[in-house]
Number of protein chains: 2
Amino acid sequence: MTSYKDKKVIGIGIVSELTGLSERKIRYYEERKLIFPDRSKGGTRKYSFGDVERLVDIANKIEDGMQTFEIRKEEMRKLKKADVRDKMLRGQLNAAFKMRK
Amino acid sequence: MTSYKDKKVIGIGIVSELTGLSERKIRYYEERKLIFPDRSKGGTRKYSFGDVERLVDIANKIEDGMQTFEIRKEEMRKLKKADVRDKMLRGQLNAAFKMRK
DNA sequence: CGTGTAAGGAATTCTGACACG
DNA sequence: CGTGTAAGGAATTCTGACACG
């Protein structure tokens, strides 16, 4: 369920290396609500491999001239779709479950 | 090929949290050649999720009274087996390749 | 708007050593 | 042998601000 891909364990320095993005950019995308790292007790940011992928994605869109708020909107649309998918799936499961009785 | 599991990107603090082992222990197992983290430019250790699993494994064996040099021997035996497996596999592939001609 | 940078401080990690056993 | 700890320093990261545009 929670695979390595989603464990928030990577520091910003390594994320910077992995993505090629400056730490400044990475922090800025967080400020713009595009990425949501965890924090250690001390306050240092921790990212997952999934975050690293998302960051590369974000960087590509910005390079294509998209603005952060547009990217955020797009992400929210995706989340909504995922929500809908989840709801539909749950609906189907419920239906199937009822039929079993 | 190189999946998330083998990317050395996790600091020792997080590894300590993930494994429940003290940093002292983690460093000591390295000293005893049981684990091989990468190093950042600055010299800080970086571990993979595979390393985290190995550390838990090592800790269990030590808890069972095994000594570090025994664990190391065991690991080397495994590596040798893997080597043999690799060699055999390569041998079979070679044989199959020859037959195709 | 998105990003670089210098600034000062705080959190993280490193090594070598002493301790116990 | 395996592990804890205090010590001092170095590497890493943090925030808020100024700059450019």
# chains A, B, ... in the order shown; residues from 1 in each chain; ligands from 1
$ residues_around --residues "Glu70 in chain A" --least-positions-apart "6" --cutoff "10 Å" --atoms "only C-alpha atoms (C1' of nucleotides)" --output "list in words"
Lys61, Ile62 and Met76 of chain A
$ write_last_selection --atoms "C-alpha atoms" --output "compact mmCIF listing (two decimals), in the first residue's frame"
# COMPACT_ATOMS: atom_id res chain seq x y z
CA LYS A 61 5.31 22.61 -17.29
CA ILE A 62 6.92 25.79 -16.06
CA MET A 76 -6.66 19.72 -8.37
$ interface_residues --of "chain B" --to "chain C" --cutoff "12 Å" --atoms "only C-alpha atoms (C1' of nucleotides)" --output "PyMOL selection string"
chain B and resi 11-14+23-24+27+39-40+42-46
$ write_last_selection --atoms "N, CA, C and O atoms" --output "tab-separated table (two decimals), in the first residue's frame"
chain	number	residue	atom	x	y	z
B	11	GLY	N	19.29	9.86	4.55
B	11	GLY	CA	20.26	10.21	5.59
B	11	GLY	C	20.18	9.27	6.78
B	11	GLY	O	19.20	8.55	6.96
B	12	ILE	N	21.21	9.30	7.61
B	12	ILE	CA	21.30	8.34	8.72
B	12	ILE	C	20.22	8.58	9.76
B	12	ILE	O	19.77	7.64	10.43
B	13	GLY	N	19.78	9.83	9.90
B	13	GLY	CA	18.74	10.12	10.89
B	13	GLY	C	17.45	9.41	10.55
B	13	GLY	O	16.82	8.77	11.40
B	14	ILE	N	17.05	9.49	9.28
B	14	ILE	CA	15.84	8.81	8.81
B	14	ILE	C	16.00	7.30	8.88
B	14	ILE	O	15.08	6.58	9.27
B	23	GLU	N	22.08	5.59	15.68
B	23	GLU	CA	23.05	5.95	14.65
B	23	GLU	C	24.38	5.27	14.95
B	23	GLU	O	25.10	4.86	14.04
B	24	ARG	N	24.69	5.15	16.21
B	24	ARG	CA	25.92	4.49	16.62
B	24	ARG	C	25.99	3.07	16.06
B	24	ARG	O	27.00	2.65	15.51
B	27	ARG	N	26.44	3.07	12.22
B	27	ARG	CA	27.82	3.38	11.82
B	27	ARG	C	28.75	2.22	12.14
B	27	ARG	O	29.69	1.93	11.40
B	39	ARG	N	28.36	8.31	0.02
B	39	ARG	CA	28.67	9.53	0.75
B	39	ARG	C	28.36	10.74	-0.12
B	39	ARG	O	28.60	10.72	-1.33
B	40	SER	N	27.85	11.78	0.51
B	40	SER	CA	27.64	13.04	-0.23
B	40	SER	C	29.00	13.69	-0.41
B	40	SER	O	29.99	13.25	0.14
B	42	GLY	N	29.98	16.30	0.89
B	42	GLY	CA	30.42	16.73	2.21
B	42	GLY	C	30.79	15.61	3.15
B	42	GLY	O	31.33	15.85	4.21
B	43	GLY	N	30.42	14.36	2.75
B	43	GLY	CA	30.80	13.24	3.59
B	43	GLY	C	29.68	12.60	4.39
B	43	GLY	O	29.92	11.68	5.16
B	44	THR	N	28.46	13.11	4.22
B	44	THR	CA	27.35	12.50	4.98
B	44	THR	C	26.89	11.22	4.29
B	44	THR	O	26.90	11.12	3.07
B	45	ARG	N	26.53	10.24	5.10
B	45	ARG	CA	26.12	8.92	4.60
B	45	ARG	C	24.75	8.94	3.95
B	45	ARG	O	23.84	9.60	4.44
B	46	LYS	N	24.62	8.19	2.86
B	46	LYS	CA	23.33	8.06	2.18
B	46	LYS	C	23.02	6.58	1.97
B	46	LYS	O	23.84	5.84	1.43
$ interface_residues --of "chain A" --to "chain B" --cutoff "7 Å" --atoms "only C-alpha atoms" --output "PyMOL selection string"
chain A and resi 4-5+9-10+14
